[in-house]
Structure formats: structure tokens, C-alpha cells
Amino acid sequence: MFAINHAASALLFKKHLKNNELPFIWILIGVQFIELLWVTLNLVGVEKTTTENVVHYVGDIHLAYMPYSHSIISSLIIAFAAGIFTFINKKKMRLTVIITLVFLTHIILDIVTHNHDVPYTFSDKTHLGLSLYQNYPLIAFMLEITFGLFCWWYYEGNLKLLVTILLFNLANLSLFFPGIPGPEALLAHRPKLITLVILFQILITMYLVWKFSKTRSVHENFVHARV
Ligand SMILES: [Zn+2]
């Protein structure tokens with residue numbers, strides 16, 4: 001899933017945080033933790049990304065080797081480690097469950113959208129992924145934007161948050177459809193550039209969702225003001 005919608009998924013959890021229980025930035029880092037790990041491991045050359053000779057859309061970019069950041073087993077280890085860390089520090093079972101789910105969300109969303117590139121273990125040759133990006137890009141695009149909007153609606157977000165989620169999804173349009181030219185053409189055989197573009201998307205969407213989720217919808221503020 002693309003960075004904006006991973007960031008939006010944090011809103012599902014923010015709604016259930018009680019006041020001062022945990023800064024929201026930790027939830028945003030949690031839903032993107034394995035992507036940040038993927039960026040780091042790609043930049044140092046441990047995990048690998050390849051492309052077709054010409055990149056027309058996201059299906060031409062292959063996350064060829066990412067067993068440490070994006071395998072099922074690594075995601076489970078990281079999620080349960082985060083849960084145990086939370087329980088030791090906060091002693092709250094409800095918060096422990098929330099944090100475990102925060103860290104698990106990423107791989108679940110990736111399996112739904114990714115090409116066949118999510119391994120089960122560190123050395124597995126079989127991979128998971130419904131390959132919506134490669135085979136059904138229109139469905140992938142509609143699913144991504146609908147999920148982002150659902151997170152906004154569930155959180156009862158304000159107008160700025162809605163515009164952010166919509167614009168970042170629309171900005172990805174050419175990545176979903178080979179017939180629509182876009183800047184992705186510059187990414188052929190440039191795995192480090194791909195990694196840096198994704199890092200930029202992670203950081204900017206994380207910041208904007210953090211900033212614009214500080215207040216919720218006008219309707220909710222109005223209701224609160226009356227109560
Ligand atoms: Zn991912």
C-alpha cells in the first residue's frame with residue numbers, strides 16, 4: 001500500500017487512544033515501521049529492488065528481496081516485540097493489543113495490494129500478495145483511495161486531512177495506469193532513487209497526517225462544545 005494510506009491507517013488507532021496515553025507520532029511510526037526498515041535495508045544493500053527496462057507503472061517495479069523487513073515471520077516478531085515492550089512499560093493490556101495491531105497492519109495492507117513479493121520466512125521461495133498492482137490496477141487504485149477515505153471518515157477527520165488524503169492518492173494516479181505518463185519513468189534501474197522517493201513520501205505523509213489530525217471535524221467540535 002502507498003505511504004499516504006499507511007499513514008491514514010494510524011487514524012483507526014488514534015480514535016481509540018485515551019488522552020495522553022501515547023503520543024500519536026508513535027502510532028504513525030508503528031504503522032510505517034517495516035517500511036522505514038525496508039528503506040534502511042535497501043539503502044545499505046541488504047534488501048533489493050529491481051525494475052523493468054522501462055517503468056510505466058508500479059507493476060514494473062519489483063520489490064525483489066525483502067525478507068527481513070516484509071516477511072510474515074519478521075512482521076510477527078516485530079509486532080509481538082512491540083506489544084511486549086508496551087506491556088512492560090505501560091502495564092495496560094488494551095494498549096498492548098492496540099500497539100500489536102498497529103505494527104501488524106502494515107503487512108496485512110501490503111499483502112492485499114502487493115505483487116507476489118511478501119515472503120513467509122527469511123529464506124522462503126514462496127511469496128504472498130494478491131498482485132492487484134500488477135493485474136488489477138484500477139481495483140488497486142479504487143481500493144487504496146477508498147481505504148484512505150474510510151480511515152478519515154472513521155476518525156471523523158477535518159477538511160485539511162481529507163484534502164491531504166485525496167491529493168496524495170490522486171498524485172499516485174500515473175503509477176497505477178501504464179497508459180498515463182508520469183515521473184515514474186525516471187525510476188528505471190534506479191533502486192536507490194526509488195527508495196529515497198518512498199522515504200520522502202513516508203515522511204511527508206506522516207507529518208501531514210500528524211499535523212492535520214490534531215483537530216477533528218467541525219461537526220464533532222460543535223457537538224463537544226455543546227456538551
Ligand atoms: Zn510495505
# chains A, B, ... in the order shown; residues from 1 in each chain; ligands from 1
call {"tool": "closest_atom_pairs", "arguments": {"of": "chain A", "to": "ligand 1", "cutoff": "7 Å", "atoms": "only C-alpha atoms and all ligand atoms", "output": "JSON lines"}}
result
{"residue": "A:Met1", "atom": "CA", "partner": "ligand 1", "partner_atom_place_in_ligand_line": "1 (Zn)", "distance": 6.5}
{"residue": "A:Ile34", "atom": "CA", "partner": "ligand 1", "partner_atom_place_in_ligand_line": "1 (Zn)", "distance": 6.5}
{"residue": "A:Glu35", "atom": "CA", "partner": "ligand 1", "partner_atom_place_in_ligand_line": "1 (Zn)", "distance": 4.9}
{"residue": "A:His70", "atom": "CA", "partner": "ligand 1", "partner_atom_place_in_ligand_line": "1 (Zn)", "distance": 6.6}
{"residue": "A:His106", "atom": "CA", "partner": "ligand 1", "partner_atom_place_in_ligand_line": "1 (Zn)", "distance": 6.2}
{"residue": "A:Ile107", "atom": "CA", "partner": "ligand 1", "partner_atom_place_in_ligand_line": "1 (Zn)", "distance": 6.3}
{"residue": "A:Asp110", "atom": "CA", "partner": "ligand 1", "partner_atom_place_in_ligand_line": "1 (Zn)", "distance": 5.6}
call {"tool": "residues_around", "arguments": {"residues": "A:Val39", "least_positions_apart": "6", "cutoff": "10 Å", "atoms": "only C-alpha atoms", "output": "JSON, numbers by chain"}}
result
{"A": [33, 45, 47, 69, 192, 194, 195, 196, 197, 198, 199, 202]}
call {"tool": "write_last_selection", "arguments": {"atoms": "all heavy atoms", "output": "PDB file, in the first residue's frame"}}
result
ATOM      1  N   PHE A  33       6.686   1.277  10.404  1.00  0.00           N
ATOM      2  CA  PHE A  33       7.987   0.818  10.914  1.00  0.00           C
ATOM      3  C   PHE A  33       8.709  -0.097   9.920  1.00  0.00           C
ATOM      4  O   PHE A  33       9.899   0.086   9.634  1.00  0.00           O
ATOM      5  CB  PHE A  33       7.798   0.088  12.252  1.00  0.00           C
ATOM      6  CG  PHE A  33       9.088  -0.351  12.872  1.00  0.00           C
ATOM      7  CD1 PHE A  33       9.864   0.538  13.595  1.00  0.00           C
ATOM      8  CD2 PHE A  33       9.558  -1.650  12.717  1.00  0.00           C
ATOM      9  CE1 PHE A  33      11.066   0.146  14.157  1.00  0.00           C
ATOM     10  CE2 PHE A  33      10.755  -2.056  13.271  1.00  0.00           C
ATOM     11  CZ  PHE A  33      11.511  -1.156  13.993  1.00  0.00           C
ATOM     12  N   GLY A  45      21.946  -1.939   1.055  1.00  0.00           N
ATOM     13  CA  GLY A  45      22.163  -3.025   0.095  1.00  0.00           C
ATOM     14  C   GLY A  45      21.815  -4.417   0.585  1.00  0.00           C
ATOM     15  O   GLY A  45      22.113  -5.399  -0.095  1.00  0.00           O
ATOM     16  N   GLU A  47      18.554  -5.499   1.348  1.00  0.00           N
ATOM     17  CA  GLU A  47      17.361  -5.867   0.586  1.00  0.00           C
ATOM     18  C   GLU A  47      17.447  -5.190  -0.788  1.00  0.00           C
ATOM     19  O   GLU A  47      18.182  -4.220  -0.965  1.00  0.00           O
ATOM     20  CB  GLU A  47      16.100  -5.453   1.352  1.00  0.00           C
ATOM     21  CG  GLU A  47      15.985  -6.223   2.666  1.00  0.00           C
ATOM     22  CD  GLU A  47      14.597  -6.181   3.299  1.00  0.00           C
ATOM     23  OE1 GLU A  47      13.811  -5.278   2.968  1.00  0.00           O
ATOM     24  OE2 GLU A  47      14.316  -7.064   4.125  1.00  0.00           O
ATOM     25  N   SER A  69      12.507  -7.115   6.266  1.00  0.00           N
ATOM     26  CA  SER A  69      11.532  -6.069   6.585  1.00  0.00           C
ATOM     27  C   SER A  69      10.100  -6.536   6.355  1.00  0.00           C
ATOM     28  O   SER A  69       9.202  -6.185   7.108  1.00  0.00           O
ATOM     29  CB  SER A  69      11.798  -4.818   5.745  1.00  0.00           C
ATOM     30  OG  SER A  69      11.554  -5.066   4.374  1.00  0.00           O
ATOM     31  N   LYS A 192      18.019   3.058  -5.733  1.00  0.00           N
ATOM     32  CA  LYS A 192      18.255   3.989  -4.618  1.00  0.00           C
ATOM     33  C   LYS A 192      17.306   5.187  -4.709  1.00  0.00           C
ATOM     34  O   LYS A 192      16.795   5.665  -3.691  1.00  0.00           O
ATOM     35  CB  LYS A 192      19.713   4.491  -4.652  1.00  0.00           C
ATOM     36  CG  LYS A 192      20.740   3.429  -4.280  1.00  0.00           C
ATOM     37  CD  LYS A 192      20.966   3.347  -2.784  1.00  0.00           C
ATOM     38  CE  LYS A 192      22.184   2.521  -2.418  1.00  0.00           C
ATOM     39  NZ  LYS A 192      22.056   1.096  -2.702  1.00  0.00           N
ATOM     40  N   ILE A 194      14.323   5.162  -6.107  1.00  0.00           N
ATOM     41  CA  ILE A 194      13.003   4.643  -5.705  1.00  0.00           C
ATOM     42  C   ILE A 194      12.891   4.664  -4.181  1.00  0.00           C
ATOM     43  O   ILE A 194      11.897   5.117  -3.606  1.00  0.00           O
ATOM     44  CB  ILE A 194      12.794   3.206  -6.235  1.00  0.00           C
ATOM     45  CG1 ILE A 194      12.709   3.213  -7.762  1.00  0.00           C
ATOM     46  CG2 ILE A 194      11.542   2.567  -5.624  1.00  0.00           C
ATOM     47  CD1 ILE A 194      12.737   1.830  -8.397  1.00  0.00           C
ATOM     48  N   THR A 195      13.940   4.172  -3.524  1.00  0.00           N
ATOM     49  CA  THR A 195      13.946   4.115  -2.058  1.00  0.00           C
ATOM     50  C   THR A 195      13.819   5.508  -1.454  1.00  0.00           C
ATOM     51  O   THR A 195      13.051   5.721  -0.508  1.00  0.00           O
ATOM     52  CB  THR A 195      15.254   3.457  -1.559  1.00  0.00           C
ATOM     53  OG1 THR A 195      15.445   2.234  -2.273  1.00  0.00           O
ATOM     54  CG2 THR A 195      15.194   3.167  -0.088  1.00  0.00           C
ATOM     55  N   LEU A 196      14.553   6.477  -2.026  1.00  0.00           N
ATOM     56  CA  LEU A 196      14.518   7.833  -1.473  1.00  0.00           C
ATOM     57  C   LEU A 196      13.177   8.512  -1.725  1.00  0.00           C
ATOM     58  O   LEU A 196      12.682   9.261  -0.880  1.00  0.00           O
ATOM     59  CB  LEU A 196      15.672   8.662  -2.054  1.00  0.00           C
ATOM     60  CG  LEU A 196      17.070   8.213  -1.588  1.00  0.00           C
ATOM     61  CD1 LEU A 196      18.166   8.970  -2.335  1.00  0.00           C
ATOM     62  CD2 LEU A 196      17.232   8.406  -0.075  1.00  0.00           C
ATOM     63  N   VAL A 197      12.573   8.253  -2.889  1.00  0.00           N
ATOM     64  CA  VAL A 197      11.242   8.807  -3.187  1.00  0.00           C
ATOM     65  C   VAL A 197      10.231   8.263  -2.170  1.00  0.00           C
ATOM     66  O   VAL A 197       9.395   9.006  -1.635  1.00  0.00           O
ATOM     67  CB  VAL A 197      10.808   8.465  -4.632  1.00  0.00           C
ATOM     68  CG1 VAL A 197       9.324   8.754  -4.839  1.00  0.00           C
ATOM     69  CG2 VAL A 197      11.651   9.244  -5.646  1.00  0.00           C
ATOM     70  N   ILE A 198      10.316   6.964  -1.902  1.00  0.00           N
ATOM     71  CA  ILE A 198       9.384   6.354  -0.939  1.00  0.00           C
ATOM     72  C   ILE A 198       9.639   6.897   0.470  1.00  0.00           C
ATOM     73  O   ILE A 198       8.693   7.191   1.211  1.00  0.00           O
ATOM     74  CB  ILE A 198       9.492   4.808  -0.991  1.00  0.00           C
ATOM     75  CG1 ILE A 198       8.903   4.326  -2.318  1.00  0.00           C
ATOM     76  CG2 ILE A 198       8.764   4.159   0.190  1.00  0.00           C
ATOM     77  CD1 ILE A 198       9.031   2.849  -2.586  1.00  0.00           C
ATOM     78  N   LEU A 199      10.923   7.087   0.826  1.00  0.00           N
ATOM     79  CA  LEU A 199      11.237   7.668   2.141  1.00  0.00           C
ATOM     80  C   LEU A 199      10.625   9.068   2.258  1.00  0.00           C
ATOM     81  O   LEU A 199      10.025   9.413   3.286  1.00  0.00           O
ATOM     82  CB  LEU A 199      12.756   7.743   2.339  1.00  0.00           C
ATOM     83  CG  LEU A 199      13.219   8.436   3.633  1.00  0.00           C
ATOM     84  CD1 LEU A 199      12.690   7.710   4.881  1.00  0.00           C
ATOM     85  CD2 LEU A 199      14.737   8.533   3.687  1.00  0.00           C
ATOM     86  N   ILE A 202       6.938   8.722   2.781  1.00  0.00           N
ATOM     87  CA  ILE A 202       6.643   8.260   4.152  1.00  0.00           C
ATOM     88  C   ILE A 202       6.678   9.458   5.109  1.00  0.00           C
ATOM     89  O   ILE A 202       5.757   9.667   5.896  1.00  0.00           O
ATOM     90  CB  ILE A 202       7.677   7.205   4.620  1.00  0.00           C
ATOM     91  CG1 ILE A 202       7.541   5.922   3.816  1.00  0.00           C
ATOM     92  CG2 ILE A 202       7.511   6.910   6.112  1.00  0.00           C
ATOM     93  CD1 ILE A 202       8.685   4.926   4.057  1.00  0.00           C
TER      94      ILE A 202
END
call {"tool": "closest_residue", "arguments": {"among": "A:Met206, A:Leu193, A:Ala171, A:Ala140", "to": "A:Ala7", "atoms": "only C-alpha atoms"}}
result
A:Met206
call {"tool": "residues_around", "arguments": {"residues": "A:Met142", "least_positions_apart": "3", "cutoff": "12 Å", "atoms": "only C-alpha atoms", "output": "list in words"}}
result
Met1, Asn5, Thr113, Leu132, Tyr133, Tyr136, Pro137, Leu138, Ile139, Ile145, Thr146, Phe147, Gly148, Leu149, Phe150, Leu166, Asn169, Leu170, Asn172, Leu173 and Phe176 of chain A
call {"tool": "select_by_dssp", "arguments": {"residues": "chain A", "states": "strand (DSSP E or B)", "output": "CSV table (one decimal) with N, CA and C atoms, in the first residue's frame"}}
result
chain,number,residue,atom,x,y,z
A,48,LYS,N,16.7,-5.8,-1.8
A,48,LYS,CA,16.9,-5.3,-3.1
A,48,LYS,C,15.6,-5.0,-3.9
A,49,THR,N,15.7,-3.9,-4.7
A,49,THR,CA,14.6,-3.6,-5.5
A,49,THR,C,15.1,-3.5,-7.0
A,50,THR,N,14.3,-4.1,-7.9
A,50,THR,CA,14.7,-4.0,-9.3
A,50,THR,C,13.5,-3.4,-10.1
A,51,THR,N,13.8,-3.1,-11.4
A,51,THR,CA,12.8,-2.6,-12.3
A,51,THR,C,12.9,-3.2,-13.7
A,61,ILE,N,7.9,-2.1,-11.1
A,61,ILE,CA,8.9,-2.0,-10.1
A,61,ILE,C,8.8,-3.3,-9.2
A,62,HIS,N,9.9,-4.0,-9.0
A,62,HIS,CA,9.8,-5.3,-8.3
A,62,HIS,C,10.6,-5.2,-7.0
A,63,LEU,N,9.9,-5.4,-5.9
A,63,LEU,CA,10.5,-5.5,-4.5
A,63,LEU,C,11.1,-6.9,-4.4
A,64,ALA,N,12.2,-7.1,-5.1
A,64,ALA,CA,12.7,-8.4,-5.4
A,64,ALA,C,13.2,-9.2,-4.1
A,65,TYR,N,13.7,-8.5,-3.1
A,65,TYR,CA,14.2,-9.2,-2.0
A,65,TYR,C,14.0,-8.4,-0.7
A,118,VAL,N,5.8,-10.9,-0.9
A,118,VAL,CA,5.9,-10.9,0.5
A,118,VAL,C,6.2,-12.4,0.9
A,119,PRO,N,7.5,-12.6,1.4
A,119,PRO,CA,7.8,-14.0,1.7
A,119,PRO,C,7.3,-14.4,3.1
A,127,HIS,N,5.9,-16.8,-2.1
A,127,HIS,CA,5.6,-15.4,-1.7
A,127,HIS,C,4.1,-15.2,-1.7
A,128,LEU,N,3.7,-14.2,-0.8
A,128,LEU,CA,2.3,-13.8,-0.8
A,128,LEU,C,2.1,-12.5,-1.5
A,157,GLY,N,-12.3,13.0,10.6
A,157,GLY,CA,-11.2,14.0,10.4
A,157,GLY,C,-11.8,15.3,9.8
A,216,ARG,N,-10.4,17.4,15.0
A,216,ARG,CA,-11.3,16.6,14.2
A,216,ARG,C,-12.3,17.4,13.5
call {"tool": "closest_residue", "arguments": {"among": "A:Val55, A:Ala3, A:Val97, A:Leu104", "to": "A:Ile78", "atoms": "only C-alpha atoms"}}
result
A:Leu104
call {"tool": "atom_distance", "arguments": {"atom1": "atom CA of A:Thr126", "atom2": "atom CA of A:Pro178"}}
result
27.1 Å
call {"tool": "atom_distance", "arguments": {"atom1": "atom CA of A:Ser131", "atom2": "atom CA of A:Phe2"}}
result
14.1 Å
call {"tool": "closest_residue", "arguments": {"among": "A:Leu143, A:Val163, A:Lys211, A:Phe122", "to": "A:Ile73", "atoms": "only C-alpha atoms"}}
result
A:Phe122
call {"tool": "atom_distance", "arguments": {"atom1": "atom CA of A:Thr96", "atom2": "atom CA of A:Ile165"}}
result
27.9 Å
call {"tool": "closest_atom_pairs", "arguments": {"of": "stretch 46-131 of chain A", "to": "stretch 24-28 of chain A", "cutoff": "9 Å", "atoms": "only C-alpha atoms", "output": "CSV"}}
result
residue,atom,partner,partner_atom,distance
A:Ile99,CA,A:Ile27,CA,7.5
A:Val102,CA,A:Ile27,CA,6.7
A:Phe103,CA,A:Ile27,CA,8.5
call {"tool": "residues_around", "arguments": {"residues": "A:Ala79", "least_positions_apart": "3", "cutoff": "7 Å", "atoms": "only C-alpha atoms", "output": "ChimeraX atom specification"}}
result
/A:75-76,82-83,100,103-104
call {"tool": "residues_around", "arguments": {"residues": "A:Thr121", "least_positions_apart": "4", "cutoff": "7 Å", "atoms": "only C-alpha atoms", "output": "PyMOL selection string"}}
result
chain A and resi 67+71-73
call {"tool": "closest_residue", "arguments": {"among": "A:Leu17, A:Leu187, A:Leu208, A:Cys151", "to": "A:Asp60", "atoms": "only C-alpha atoms"}}
result
A:Leu187
call {"tool": "select_by_dssp", "arguments": {"residues": "stretch 24-215 of chain A", "states": "helix (DSSP H, G or I)", "output": "JSON, numbers by chain"}}
result
{"A": [24, 25, 26, 27, 28, 29, 30, 31, 33, 34, 35, 36, 37, 38, 39, 40, 41, 42, 43, 58, 59, 60, 67, 68, 69, 70, 72, 73, 74, 75, 76, 77, 78, 79, 80, 81, 82, 83, 84, 85, 86, 87, 88, 89, 90, 93, 94, 95, 96, 97, 98, 99, 100, 101, 102, 103, 104, 105, 106, 107, 108, 109, 110, 111, 112, 113, 132, 133, 134, 135, 137, 138, 139, 140, 141, 142, 143, 144, 145, 146, 147, 148, 149, 150, 151, 152, 153, 154, 155, 159, 160, 161, 162, 163, 164, 165, 166, 167, 168, 169, 170, 171, 173, 174, 175, 176, 183, 184, 185, 186, 187, 191, 192, 193, 194, 195, 196, 197, 198, 199, 200, 201, 202, 203, 204, 205, 206, 207, 208, 209, 210, 211, 212]}
call {"tool": "decode", "arguments": {"residues": "stretch 50-155 of chain A", "atoms": "C-alpha atoms", "output": "PDB file, in the first residue's frame"}}
result
ATOM      1  CA  THR A  50      14.685  -4.026  -9.319  1.00  0.00           C
ATOM      2  CA  THR A  51      12.762  -2.590 -12.278  1.00  0.00           C
ATOM      3  CA  GLU A  52      11.868  -3.411 -15.858  1.00  0.00           C
ATOM      4  CA  ASN A  53      13.920  -1.584 -18.508  1.00  0.00           C
ATOM      5  CA  VAL A  54      11.114   0.969 -18.762  1.00  0.00           C
ATOM      6  CA  VAL A  55       8.856   1.844 -15.817  1.00  0.00           C
ATOM      7  CA  HIS A  56       5.300   2.581 -16.965  1.00  0.00           C
ATOM      8  CA  TYR A  57       3.558   1.863 -13.648  1.00  0.00           C
ATOM      9  CA  VAL A  58       4.025   0.292 -10.223  1.00  0.00           C
ATOM     10  CA  GLY A  59       3.841  -3.227 -11.745  1.00  0.00           C
ATOM     11  CA  ASP A  60       7.205  -2.543 -13.431  1.00  0.00           C
ATOM     12  CA  ILE A  61       8.916  -2.035 -10.054  1.00  0.00           C
ATOM     13  CA  HIS A  62       9.825  -5.279  -8.283  1.00  0.00           C
ATOM     14  CA  LEU A  63      10.479  -5.497  -4.546  1.00  0.00           C
ATOM     15  CA  ALA A  64      12.748  -8.403  -5.363  1.00  0.00           C
ATOM     16  CA  TYR A  65      14.238  -9.237  -1.969  1.00  0.00           C
ATOM     17  CA  MET A  66      12.851  -8.018   1.360  1.00  0.00           C
ATOM     18  CA  PRO A  67      12.734 -10.980   3.797  1.00  0.00           C
ATOM     19  CA  TYR A  68      13.923  -9.005   6.832  1.00  0.00           C
ATOM     20  CA  SER A  69      11.532  -6.069   6.585  1.00  0.00           C
ATOM     21  CA  HIS A  70       8.479  -7.580   4.878  1.00  0.00           C
ATOM     22  CA  SER A  71       8.252 -11.319   5.591  1.00  0.00           C
ATOM     23  CA  ILE A  72       5.336 -12.712   7.565  1.00  0.00           C
ATOM     24  CA  ILE A  73       7.704 -14.043  10.224  1.00  0.00           C
ATOM     25  CA  SER A  74       9.607 -10.741  10.656  1.00  0.00           C
ATOM     26  CA  SER A  75       6.330  -8.799  10.877  1.00  0.00           C
ATOM     27  CA  LEU A  76       5.030 -11.148  13.581  1.00  0.00           C
ATOM     28  CA  ILE A  77       8.299 -10.891  15.546  1.00  0.00           C
ATOM     29  CA  ILE A  78       8.328  -7.071  15.330  1.00  0.00           C
ATOM     30  CA  ALA A  79       4.616  -6.747  16.231  1.00  0.00           C
ATOM     31  CA  PHE A  80       4.840  -9.032  19.250  1.00  0.00           C
ATOM     32  CA  ALA A  81       8.097  -7.409  20.394  1.00  0.00           C
ATOM     33  CA  ALA A  82       6.368  -4.010  20.218  1.00  0.00           C
ATOM     34  CA  GLY A  83       3.414  -5.450  22.172  1.00  0.00           C
ATOM     35  CA  ILE A  84       5.667  -6.901  24.895  1.00  0.00           C
ATOM     36  CA  PHE A  85       7.625  -3.618  25.108  1.00  0.00           C
ATOM     37  CA  THR A  86       4.334  -1.731  25.527  1.00  0.00           C
ATOM     38  CA  PHE A  87       3.068  -4.087  28.226  1.00  0.00           C
ATOM     39  CA  ILE A  88       6.325  -3.859  30.210  1.00  0.00           C
ATOM     40  CA  ASN A  89       6.291  -0.053  30.080  1.00  0.00           C
ATOM     41  CA  LYS A  90       2.573   0.759  30.320  1.00  0.00           C
ATOM     42  CA  LYS A  91       1.085  -2.322  32.063  1.00  0.00           C
ATOM     43  CA  LYS A  92      -2.128  -1.921  30.069  1.00  0.00           C
ATOM     44  CA  MET A  93      -3.491  -4.901  28.139  1.00  0.00           C
ATOM     45  CA  ARG A  94      -5.790  -2.763  25.939  1.00  0.00           C
ATOM     46  CA  LEU A  95      -2.868  -0.575  24.827  1.00  0.00           C
ATOM     47  CA  THR A  96      -0.702  -3.673  24.293  1.00  0.00           C
ATOM     48  CA  VAL A  97      -3.294  -5.121  21.896  1.00  0.00           C
ATOM     49  CA  ILE A  98      -3.604  -1.779  20.071  1.00  0.00           C
ATOM     50  CA  ILE A  99       0.179  -1.476  19.570  1.00  0.00           C
ATOM     51  CA  THR A 100       0.497  -5.097  18.383  1.00  0.00           C
ATOM     52  CA  LEU A 101      -2.239  -4.448  15.800  1.00  0.00           C
ATOM     53  CA  VAL A 102      -0.595  -1.138  14.789  1.00  0.00           C
ATOM     54  CA  PHE A 103       2.593  -2.996  13.822  1.00  0.00           C
ATOM     55  CA  LEU A 104       0.674  -5.854  12.125  1.00  0.00           C
ATOM     56  CA  THR A 105      -1.480  -3.543   9.989  1.00  0.00           C
ATOM     57  CA  HIS A 106       1.316  -2.738   7.539  1.00  0.00           C
ATOM     58  CA  ILE A 107       1.966  -6.261   6.283  1.00  0.00           C
ATOM     59  CA  ILE A 108      -1.774  -7.033   6.038  1.00  0.00           C
ATOM     60  CA  LEU A 109      -2.346  -3.980   3.816  1.00  0.00           C
ATOM     61  CA  ASP A 110       0.720  -4.859   1.720  1.00  0.00           C
ATOM     62  CA  ILE A 111      -0.443  -8.443   1.155  1.00  0.00           C
ATOM     63  CA  VAL A 112      -3.774  -7.154  -0.176  1.00  0.00           C
ATOM     64  CA  THR A 113      -2.195  -4.854  -2.767  1.00  0.00           C
ATOM     65  CA  HIS A 114       1.363  -6.016  -3.481  1.00  0.00           C
ATOM     66  CA  ASN A 115       2.597  -8.120  -6.348  1.00  0.00           C
ATOM     67  CA  HIS A 116       3.706 -11.590  -5.311  1.00  0.00           C
ATOM     68  CA  ASP A 117       6.628 -10.325  -3.199  1.00  0.00           C
ATOM     69  CA  VAL A 118       5.867 -10.917   0.529  1.00  0.00           C
ATOM     70  CA  PRO A 119       7.844 -13.985   1.738  1.00  0.00           C
ATOM     71  CA  TYR A 120       6.652 -16.178   4.623  1.00  0.00           C
ATOM     72  CA  THR A 121      10.097 -16.508   6.226  1.00  0.00           C
ATOM     73  CA  PHE A 122      13.647 -15.159   5.851  1.00  0.00           C
ATOM     74  CA  SER A 123      14.559 -17.821   3.296  1.00  0.00           C
ATOM     75  CA  ASP A 124      11.232 -18.788   1.735  1.00  0.00           C
ATOM     76  CA  LYS A 125      10.924 -19.104  -2.024  1.00  0.00           C
ATOM     77  CA  THR A 126       7.119 -18.828  -1.916  1.00  0.00           C
ATOM     78  CA  HIS A 127       5.593 -15.386  -1.653  1.00  0.00           C
ATOM     79  CA  LEU A 128       2.264 -13.816  -0.772  1.00  0.00           C
ATOM     80  CA  GLY A 129       0.441 -10.892  -2.375  1.00  0.00           C
ATOM     81  CA  LEU A 130      -2.815 -10.572  -4.287  1.00  0.00           C
ATOM     82  CA  SER A 131      -0.965  -8.762  -7.139  1.00  0.00           C
ATOM     83  CA  LEU A 132      -3.635  -6.094  -7.506  1.00  0.00           C
ATOM     84  CA  TYR A 133      -0.949  -3.584  -8.573  1.00  0.00           C
ATOM     85  CA  GLN A 134       0.152  -5.767 -11.462  1.00  0.00           C
ATOM     86  CA  ASN A 135      -3.075  -7.414 -12.595  1.00  0.00           C
ATOM     87  CA  TYR A 136      -5.916  -5.144 -11.479  1.00  0.00           C
ATOM     88  CA  PRO A 137      -4.510  -1.594 -11.157  1.00  0.00           C
ATOM     89  CA  LEU A 138      -7.937   0.091 -11.358  1.00  0.00           C
ATOM     90  CA  ILE A 139      -9.200  -2.043  -8.447  1.00  0.00           C
ATOM     91  CA  ALA A 140      -5.929  -1.340  -6.571  1.00  0.00           C
ATOM     92  CA  PHE A 141      -6.340   2.418  -7.060  1.00  0.00           C
ATOM     93  CA  MET A 142     -10.009   2.386  -6.003  1.00  0.00           C
ATOM     94  CA  LEU A 143      -9.197   0.201  -3.001  1.00  0.00           C
ATOM     95  CA  GLU A 144      -6.347   2.487  -1.876  1.00  0.00           C
ATOM     96  CA  ILE A 145      -8.337   5.719  -2.134  1.00  0.00           C
ATOM     97  CA  THR A 146     -11.441   4.135  -0.567  1.00  0.00           C
ATOM     98  CA  PHE A 147      -9.366   2.802   2.340  1.00  0.00           C
ATOM     99  CA  GLY A 148      -7.747   6.222   2.898  1.00  0.00           C
ATOM    100  CA  LEU A 149     -11.170   7.910   2.888  1.00  0.00           C
ATOM    101  CA  PHE A 150     -12.584   5.241   5.198  1.00  0.00           C
ATOM    102  CA  CYS A 151      -9.808   5.957   7.745  1.00  0.00           C
ATOM    103  CA  TRP A 152     -10.598   9.692   7.532  1.00  0.00           C
ATOM    104  CA  TRP A 153     -14.354   9.032   7.961  1.00  0.00           C
ATOM    105  CA  TYR A 154     -13.827   6.595  10.861  1.00  0.00           C
ATOM    106  CA  TYR A 155     -11.605   9.116  12.625  1.00  0.00           C
TER     107      TYR A 155
END
